[in-house]
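So the structure is just underneath, and the comments pick up after that.
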Amino acid sequence: MTTITDTPAPASFRLSSLINDTRYRSYTFQFIALVAIIATMAFIGGNLVRNLAAAGLNISYDFLGAQAGYDINQRPISYESTDTHGRAAIVGLLNTLIVAFLGCITATVIGVIAGVLRLSPNWLVRKLMSIYVEMFRNVPVLIWILIIFSIMINTTPAPRAFKGEDATASMWFFDSVAVTNRGVFLPKPIYESGSLIVGIVFLLSIVGIFAFRRYARKQLYDHGKLIPTFWPSVALFFVPAILAQLVLGNPITLEYPELKGFNFKGGMTVRGSLIALWFALAIYTGAFIAENVRAGIQAIPKGQTEAAGALGLRPGRIMNLVVLPQALRVIIPPLISQYLNITKNSSLAIAVGYMDLTGTLGGITLLQTGRAIEAVLLLMLFYLTISLSISFVMNIYNNSIKLKER
Amino acid sequence: MTDTNVSFVRTEQIPPSPPPAAEAGIVKWMRENLFSSILNTVLTVIAAYVIIRLLMGIVPWFANGVWEAGSMRECRDILAGASGACFAVLVDRWDHLLFGFKYPPEAYFRIVIALVLLLVAALPVLFQTVPRKLLLFTGLYPFIAYWLIWGGSLWTPLMLLALFVLTAMVYRLIGEQISTDMRKIAAAVVGLIAGVGLAYLLFIGAGELGFIANSIGTSGALNTVAYGAFWLMSGFTYLFFIPMGIFVGYAIYNSYEGGGLVSVVTALLFLYAALTFVFGPVSDGLASVVGLELQAVASRDLGGFVLNMILGTVCVSLSIPLGIALALGRQSDMPLIKGVCVIFIEFIRGVPLITLLFVANVMLAYFMPPESNFDLVLRVIIMITAFSAAYIAEVIRGGLAALPKGQYEAADSLGLNYAQATRLIILPQALKISIPGIVNVAVGLFKDTTLVSIISMFDLVGMIRGPIQNATEWIGVYWEVYGFGAMLFFVVCYGISQYSQWLERQLQTDHH
């Protein structure tokens, strides 16, 4: 009986190694997988070619240059029904981005407030917020979109209710905003010559705010001098732009909506579908963000707050300098995926007739031209690009605030 | 001096005096919880105002609710201007909301039985204290439910069940009960078949690629190569397949050293052969002898909340194994497998579900052989399963990544192979960590089944948006029906999330 086994022979390749040797077996598996993938692809491709030939179709993106022939009621850039399908798709893409952007901001605000209030010492507020969170998290977003859309359509007055002496409805904010069942009418800014200068001044003042804050921090670190930053920042934000506006003789004016005939004319129209989608996405996703925020704040050990208190920091500073920077590290990653969810859920616009990318390219264009494969592939490509770029940008930010271990 | 005892000694204890009014009972609670600071008081007032406003709207609406009316107009007449709900629409369209408008009413009871049995089947999975023998019923449940919901001959699910049982027996036989020599021969046979199959796949693949290249009309090198391969393959079909099979079989016979792979492959081959050659004729034959038939219902006749339930249950149960496979694939050392899994997961997670449903609706038919005929429900199930599998895979990957490296190393040092280590050491722990995430995905998926209404399927939302809101007698109804839908979803989703929190506490093995 031997207790000493032979030292293994230097790795020599035999054919049987392909099955029995873990070093080579992976090649066998991958070869089989490769064959299976190629065969599947070829199978799908062959079927596609055959089916297209049978239907007398081909793959071509020429339809993007053809006349669209349908109207889009919410358009951020000029668009007529005589424009091309390609332009309609771009209008849709912009609409998607608009509702996603509005939704993300509103959802963050709602979510942060609700998340903080869920930890409030106030019993009533705490319970109210948990009812909000549970109610919205556990019901499909599509139902919320449809409910809010129905409210927009059914409970807001028709434009003619604003008409005449005995008007049953009135406009808000000094006759500048009208909420009707055909949409919300807002004042529209009109840019005349000189408005570019106002814009540049405004941008410069924002740069100025950052520069000022940097300077204040440098003063604090180098010389121990604490310069107040809040009010100067507010002043920097408003004063230069308003001054420029006044000095140049009001180059930026507002065009107010006016009731003409049976509808409002002028100003800017925000359709009920956009508002329904925006609010529903914001409130629904806000409930998820509230949970993330709550988890993030709760993840910070109480000792951190107590230690900061022992150092003599005031409660506001404890929140700003100790708790929040640590909580953000926990909150940001799920927040990113919530933003992505908003972007993807905005495709539900098609349920309320908001002409986003899915409504134009994946909806009417697809139906009119019958180019299902091309339209759906383009649609997926657009969404993939949006999703991947959001997660790319957010990952960079995420890495920049990551715990730096040394 | 007289001995007067002025000192007083109390002989009994005085009863404790009540705390100050402000420090006891409800007043104290309110002071601590509602009015502890100015900010809190303001918040309380605002919250109370919001609650009162909501109640003022909702309570009369509920209390005045009309339960018996034939149309919206009748409701309004009964209410006579007062605020009130028209619940009569729920009474009138109850069946439609739950079962859709095409499912035969005389078969509703079958769905109800299937749903009740679903609860029974779910019990042993959800609760560890339920007798383990019930798991047998859980295994049988899919076949029973299929028969109950879709109807048709009982022989179809019964035969399928029998084939699965036989497959398991083949697996056991090859794996445990035959001698090593026999297993070696079995391995060689499997290798032969696998070799032929692989060569056949190569042949089909090259042929199809040639066909594609030819019909697209690419010119130049690609076309020549692809078409050349096609010609070569089709010319030497038998010269290629059979030697390949014999070669692989011989190689395996010569080098076989044991291992579980051969029994898995044998069982799969057996299942494939049985499904292709035995299943159809036998079940048809049995059905023609003894019927055992329920009225058959087509998939497109399913609807209402039941459709949401079916889609949710089927897709979640299918996507968990698929998700585990994808997560393991993403962790794999093999670049090709890893790459495929990463691309699949990231692609699916990057696009909205609605585009995948568009694929199911308008695109998938182009990818199938011309004569094949998948119905829409099946195509939707495929796409939703793929969708949720990608999300579940990410959750499980998180669980796998959270395991300490020592667990993998410990499994290796025990001499376990990959399959054993994964099954016995890695997955049980990783899945335990992943449970909350998986439940989140499941709840999200169940809610997302309402999206099928957009590709004109009549699930709960589809029923409301279509047949109910478009009916002339119920025009203008929305709060009642959407509220009802929201309530159904809330009950199910809230129940599931509460269960997951309970389970998390049960599974907590570490001590705090």
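Identifiers for the structure tokens are assigned positionally: chains receive A, B, ... in sequence, residues are indexed from 1 per chain, and ligands are indexed from 1 in the order shown.
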
Who sits within 10 Å of Leu268 of chain B, only C-alpha atoms, same chain under 3 positions skipped, as number ranges by chain | B: 167-168, 170-171, 262-265, 271-274

Just the residues within 10 Å of Gly476 of chain B, please, counting only C-alpha atoms, with nothing from its chain fewer than 3 positions along; format it as a PyMOL selection string.
-> (chain A and resi 150+154) or (chain B and resi 72-73+468-473+479)

Export C-alpha atoms of the chosen residues as a PDB file, in the first residue's frame?
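Produced file again29.pdb, reproduced below:
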ATOM      1  CA  SER A 150     -59.057  60.277 -15.777  1.00  0.00           C
ATOM      2  CA  ASN A 154     -63.066  64.467 -15.903  1.00  0.00           C
TER       3      ASN A 154
ATOM      4  CA  MET B  72     -74.335  55.397 -15.064  1.00  0.00           C
ATOM      5  CA  ARG B  73     -77.421  57.521 -15.778  1.00  0.00           C
ATOM      6  CA  ILE B 468     -66.286  48.476 -19.553  1.00  0.00           C
ATOM      7  CA  GLN B 469     -65.396  52.110 -20.141  1.00  0.00           C
ATOM      8  CA  ASN B 470     -66.532  51.910 -23.743  1.00  0.00           C
ATOM      9  CA  ALA B 471     -69.929  50.439 -22.872  1.00  0.00           C
ATOM     10  CA  THR B 472     -72.599  53.078 -23.419  1.00  0.00           C
ATOM     11  CA  GLU B 473     -74.247  52.410 -20.070  1.00  0.00           C
ATOM     12  CA  TRP B 479     -62.852  55.865  -9.873  1.00  0.00           C
TER      13      TRP B 479
END

Write out as a Markdown table a residue-level contact list of chain A versus chain B with cut-off 6 Å: for each qualifying residue the closest pair of atoms and the distance in Å to one decimal, counting only C-alpha atoms, rows sorted by chain and residue number upward.
| residue | atom | partner | partner_atom | distance |
| --- | --- | --- | --- | --- |
| A:Ser16 | CA | B:Ser255 | CA | 5.1 |
| A:Ala39 | CA | B:Gly205 | CA | 4.2 |
| A:Ala42 | CA | B:Gly205 | CA | 5.2 |
| A:Ile44 | CA | B:Phe367 | CA | 5.0 |
| A:Gly46 | CA | B:Glu208 | CA | 5.5 |
| A:Asn47 | CA | B:Phe367 | CA | 5.4 |
| A:Leu48 | CA | B:Phe367 | CA | 5.1 |
| A:Asn51 | CA | B:Tyr366 | CA | 5.8 |
| A:Asn122 | CA | B:Asn33 | CA | 5.0 |
| A:Trp123 | CA | B:Asn33 | CA | 5.3 |
| A:Asn138 | CA | B:Phe490 | CA | 5.0 |
| A:Val139 | CA | B:Phe490 | CA | 5.4 |
| A:Pro140 | CA | B:Lys447 | CA | 4.7 |
| A:Lys344 | CA | B:Pro352 | CA | 4.7 |
| A:Ile373 | CA | B:Met363 | CA | 5.9 |
| A:Met380 | CA | B:Val351 | CA | 5.8 |
| A:Tyr383 | CA | B:Val351 | CA | 5.5 |
| A:Leu384 | CA | B:Gly350 | CA | 4.9 |
| A:Ser387 | CA | B:Gly350 | CA | 5.5 |

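Near Tyr250 of chain B, within 10 Å and counting only C-alpha atoms, sit Ile185, Ala187, Ala188, Val189, Gly191, Leu192, Met244, Gly245, Ile246, Asn254, Ser255 and Tyr256 of chain B, not including residues fewer than 4 positions from it in the same chain.
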
Tell me, as number ranges by chain, which residues lie within 12 Å of Leu335 of chain A, counting only C-alpha atoms; anything in the same chain fewer than 6 positions away does not count.
-> A: 104-105, 107-108, 111-112, 285-293, 295-296, 328-329, 341-342, 390-391, 394-395, 398

Deliver the residues from the most recent selection as a file, using N, CA and C atoms, as a PDB file, in the first residue's frame.
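File written: result-v6.pdb
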ATOM      1  N   CYS A 104     -38.040  62.494 -12.875  1.00  0.00           N
ATOM      2  CA  CYS A 104     -36.915  62.215 -11.967  1.00  0.00           C
ATOM      3  C   CYS A 104     -36.818  63.289 -10.895  1.00  0.00           C
ATOM      4  N   ILE A 105     -36.892  64.554 -11.319  1.00  0.00           N
ATOM      5  CA  ILE A 105     -36.739  65.639 -10.347  1.00  0.00           C
ATOM      6  C   ILE A 105     -37.871  65.603  -9.324  1.00  0.00           C
ATOM      7  N   ALA A 107     -39.903  63.155  -8.554  1.00  0.00           N
ATOM      8  CA  ALA A 107     -39.875  61.943  -7.729  1.00  0.00           C
ATOM      9  C   ALA A 107     -38.827  62.066  -6.636  1.00  0.00           C
ATOM     10  N   THR A 108     -37.659  62.666  -6.975  1.00  0.00           N
ATOM     11  CA  THR A 108     -36.618  62.821  -5.963  1.00  0.00           C
ATOM     12  C   THR A 108     -37.112  63.713  -4.830  1.00  0.00           C
ATOM     13  N   GLY A 111     -39.775  61.861  -2.920  1.00  0.00           N
ATOM     14  CA  GLY A 111     -39.199  60.714  -2.227  1.00  0.00           C
ATOM     15  C   GLY A 111     -38.373  61.131  -1.022  1.00  0.00           C
ATOM     16  N   VAL A 112     -37.556  62.172  -1.189  1.00  0.00           N
ATOM     17  CA  VAL A 112     -36.713  62.601  -0.072  1.00  0.00           C
ATOM     18  C   VAL A 112     -37.591  63.114   1.072  1.00  0.00           C
ATOM     19  N   THR A 285     -42.825  56.478  -8.254  1.00  0.00           N
ATOM     20  CA  THR A 285     -41.406  56.250  -8.010  1.00  0.00           C
ATOM     21  C   THR A 285     -40.966  56.932  -6.734  1.00  0.00           C
ATOM     22  N   GLY A 286     -41.633  58.053  -6.395  1.00  0.00           N
ATOM     23  CA  GLY A 286     -41.315  58.728  -5.142  1.00  0.00           C
ATOM     24  C   GLY A 286     -41.478  57.793  -3.952  1.00  0.00           C
ATOM     25  N   ALA A 287     -42.490  56.921  -4.008  1.00  0.00           N
ATOM     26  CA  ALA A 287     -42.699  55.978  -2.912  1.00  0.00           C
ATOM     27  C   ALA A 287     -41.506  55.032  -2.773  1.00  0.00           C
ATOM     28  N   PHE A 288     -40.947  54.610  -3.921  1.00  0.00           N
ATOM     29  CA  PHE A 288     -39.779  53.719  -3.859  1.00  0.00           C
ATOM     30  C   PHE A 288     -38.565  54.488  -3.342  1.00  0.00           C
ATOM     31  N   ILE A 289     -38.406  55.731  -3.856  1.00  0.00           N
ATOM     32  CA  ILE A 289     -37.244  56.523  -3.424  1.00  0.00           C
ATOM     33  C   ILE A 289     -37.338  56.792  -1.927  1.00  0.00           C
ATOM     34  N   ALA A 290     -38.584  57.028  -1.425  1.00  0.00           N
ATOM     35  CA  ALA A 290     -38.746  57.266   0.009  1.00  0.00           C
ATOM     36  C   ALA A 290     -38.190  56.091   0.808  1.00  0.00           C
ATOM     37  N   GLU A 291     -38.453  54.877   0.343  1.00  0.00           N
ATOM     38  CA  GLU A 291     -37.924  53.714   1.043  1.00  0.00           C
ATOM     39  C   GLU A 291     -36.406  53.674   0.982  1.00  0.00           C
ATOM     40  N   ASN A 292     -35.841  54.034  -0.179  1.00  0.00           N
ATOM     41  CA  ASN A 292     -34.383  54.048  -0.301  1.00  0.00           C
ATOM     42  C   ASN A 292     -33.763  55.070   0.645  1.00  0.00           C
ATOM     43  N   VAL A 293     -34.405  56.250   0.689  1.00  0.00           N
ATOM     44  CA  VAL A 293     -33.874  57.317   1.541  1.00  0.00           C
ATOM     45  C   VAL A 293     -33.941  56.877   3.003  1.00  0.00           C
ATOM     46  N   ALA A 295     -33.964  53.839   4.191  1.00  0.00           N
ATOM     47  CA  ALA A 295     -32.964  52.807   4.446  1.00  0.00           C
ATOM     48  C   ALA A 295     -31.580  53.431   4.548  1.00  0.00           C
ATOM     49  N   GLY A 296     -31.317  54.433   3.684  1.00  0.00           N
ATOM     50  CA  GLY A 296     -30.000  55.072   3.685  1.00  0.00           C
ATOM     51  C   GLY A 296     -29.728  55.785   4.990  1.00  0.00           C
ATOM     52  N   LEU A 328     -25.791  59.204   1.577  1.00  0.00           N
ATOM     53  CA  LEU A 328     -25.848  59.302   0.115  1.00  0.00           C
ATOM     54  C   LEU A 328     -25.186  58.105  -0.538  1.00  0.00           C
ATOM     55  N   ARG A 329     -24.128  57.639   0.071  1.00  0.00           N
ATOM     56  CA  ARG A 329     -23.408  56.494  -0.487  1.00  0.00           C
ATOM     57  C   ARG A 329     -24.333  55.280  -0.590  1.00  0.00           C
ATOM     58  N   ASN A 341     -35.787  53.376 -14.006  1.00  0.00           N
ATOM     59  CA  ASN A 341     -37.157  52.868 -14.037  1.00  0.00           C
ATOM     60  C   ASN A 341     -38.113  53.923 -14.552  1.00  0.00           C
ATOM     61  N   ILE A 342     -37.917  55.174 -14.125  1.00  0.00           N
ATOM     62  CA  ILE A 342     -38.798  56.237 -14.614  1.00  0.00           C
ATOM     63  C   ILE A 342     -38.675  56.341 -16.129  1.00  0.00           C
ATOM     64  N   ILE A 390     -27.379  56.887 -18.969  1.00  0.00           N
ATOM     65  CA  ILE A 390     -27.693  57.343 -17.605  1.00  0.00           C
ATOM     66  C   ILE A 390     -26.873  56.544 -16.599  1.00  0.00           C
ATOM     67  N   SER A 391     -26.840  55.219 -16.779  1.00  0.00           N
ATOM     68  CA  SER A 391     -26.133  54.440 -15.758  1.00  0.00           C
ATOM     69  C   SER A 391     -24.635  54.699 -15.830  1.00  0.00           C
ATOM     70  N   MET A 394     -24.104  58.069 -14.043  1.00  0.00           N
ATOM     71  CA  MET A 394     -24.341  57.912 -12.619  1.00  0.00           C
ATOM     72  C   MET A 394     -23.256  57.072 -11.957  1.00  0.00           C
ATOM     73  N   ASN A 395     -22.730  56.090 -12.708  1.00  0.00           N
ATOM     74  CA  ASN A 395     -21.657  55.274 -12.135  1.00  0.00           C
ATOM     75  C   ASN A 395     -20.411  56.095 -11.890  1.00  0.00           C
ATOM     76  N   ASN A 398     -21.110  57.913  -8.853  1.00  0.00           N
ATOM     77  CA  ASN A 398     -21.122  56.949  -7.764  1.00  0.00           C
ATOM     78  C   ASN A 398     -19.706  56.611  -7.311  1.00  0.00           C
TER      79      ASN A 398
END

Residue set, segment 161-259 of chain A restricted to helix (DSSP H, G or I), as a PDB file with C-alpha atoms, in the first residue's frame:
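Output saved as states.pdb:
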ATOM      1  CA  ALA A 161     -66.215  77.379 -18.521  1.00  0.00           C
ATOM      2  CA  PHE A 162     -63.743  80.297 -18.394  1.00  0.00           C
ATOM      3  CA  SER A 195     -32.110  87.846 -24.397  1.00  0.00           C
ATOM      4  CA  LEU A 196     -28.923  85.998 -25.269  1.00  0.00           C
ATOM      5  CA  ILE A 197     -27.011  88.457 -23.088  1.00  0.00           C
ATOM      6  CA  VAL A 198     -29.411  87.866 -20.204  1.00  0.00           C
ATOM      7  CA  GLY A 199     -28.925  84.134 -20.624  1.00  0.00           C
ATOM      8  CA  ILE A 200     -25.151  84.493 -20.625  1.00  0.00           C
ATOM      9  CA  VAL A 201     -25.282  86.694 -17.540  1.00  0.00           C
ATOM     10  CA  PHE A 202     -27.414  84.076 -15.803  1.00  0.00           C
ATOM     11  CA  LEU A 203     -24.998  81.284 -16.685  1.00  0.00           C
ATOM     12  CA  LEU A 204     -22.057  83.400 -15.555  1.00  0.00           C
ATOM     13  CA  SER A 205     -23.758  84.078 -12.237  1.00  0.00           C
ATOM     14  CA  ILE A 206     -24.197  80.341 -11.702  1.00  0.00           C
ATOM     15  CA  VAL A 207     -20.498  79.850 -12.399  1.00  0.00           C
ATOM     16  CA  GLY A 208     -19.930  82.703  -9.986  1.00  0.00           C
ATOM     17  CA  ILE A 209     -21.869  80.905  -7.253  1.00  0.00           C
ATOM     18  CA  PHE A 210     -19.646  77.847  -7.555  1.00  0.00           C
ATOM     19  CA  ALA A 211     -16.509  79.984  -7.595  1.00  0.00           C
ATOM     20  CA  PHE A 212     -17.691  81.874  -4.529  1.00  0.00           C
ATOM     21  CA  ARG A 213     -18.433  78.692  -2.612  1.00  0.00           C
ATOM     22  CA  ARG A 214     -15.031  77.360  -3.510  1.00  0.00           C
ATOM     23  CA  TYR A 215     -13.404  80.530  -2.340  1.00  0.00           C
ATOM     24  CA  ALA A 216     -15.370  80.411   0.922  1.00  0.00           C
ATOM     25  CA  ARG A 217     -14.282  76.849   1.568  1.00  0.00           C
ATOM     26  CA  LYS A 218     -10.673  77.710   0.829  1.00  0.00           C
ATOM     27  CA  GLN A 219     -10.862  80.603   3.283  1.00  0.00           C
ATOM     28  CA  LEU A 220     -12.317  78.240   5.878  1.00  0.00           C
ATOM     29  CA  TYR A 221      -9.666  75.575   5.435  1.00  0.00           C
ATOM     30  CA  ASP A 222      -6.680  77.896   5.074  1.00  0.00           C
ATOM     31  CA  HIS A 223      -7.471  80.711   7.446  1.00  0.00           C
ATOM     32  CA  PHE A 230     -26.304  80.874   1.542  1.00  0.00           C
ATOM     33  CA  TRP A 231     -27.633  84.405   1.116  1.00  0.00           C
ATOM     34  CA  PRO A 232     -24.819  85.575  -1.179  1.00  0.00           C
ATOM     35  CA  SER A 233     -25.545  82.546  -3.384  1.00  0.00           C
ATOM     36  CA  VAL A 234     -29.231  83.392  -3.539  1.00  0.00           C
ATOM     37  CA  ALA A 235     -28.396  86.984  -4.386  1.00  0.00           C
ATOM     38  CA  LEU A 236     -25.903  85.899  -7.054  1.00  0.00           C
ATOM     39  CA  PHE A 237     -28.546  83.639  -8.546  1.00  0.00           C
ATOM     40  CA  PHE A 238     -31.198  86.305  -8.988  1.00  0.00           C
ATOM     41  CA  VAL A 239     -29.696  89.787  -8.987  1.00  0.00           C
ATOM     42  CA  PRO A 240     -27.373  89.849 -12.056  1.00  0.00           C
ATOM     43  CA  ALA A 241     -29.917  88.246 -14.384  1.00  0.00           C
ATOM     44  CA  ILE A 242     -32.733  90.535 -13.245  1.00  0.00           C
ATOM     45  CA  LEU A 243     -30.472  93.575 -13.524  1.00  0.00           C
ATOM     46  CA  ALA A 244     -29.485  92.574 -17.058  1.00  0.00           C
ATOM     47  CA  GLN A 245     -33.142  92.067 -17.927  1.00  0.00           C
ATOM     48  CA  LEU A 246     -34.008  95.536 -16.631  1.00  0.00           C
ATOM     49  CA  VAL A 247     -31.009  97.294 -18.139  1.00  0.00           C
TER      50      VAL A 247
END

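Take atom CA of Asn214 of chain B and atom CA of Phe31 of chain A: the distance between them is 26.2 Å.
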
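Candidate residues B:Ala145, B:Ser319, B:Ile426, B:Leu328 were compared for distance to Val116 of chain B, and the nearest is B:Ala145, using only C-alpha atoms.
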
Going by DSSP on the backbone, which bits of segment 65-261 of chain A are strand (DSSP E)? Write them as a ChimeraX atom specification, please.
-> /A:178-180,183-186,188-191,252-255,258-260
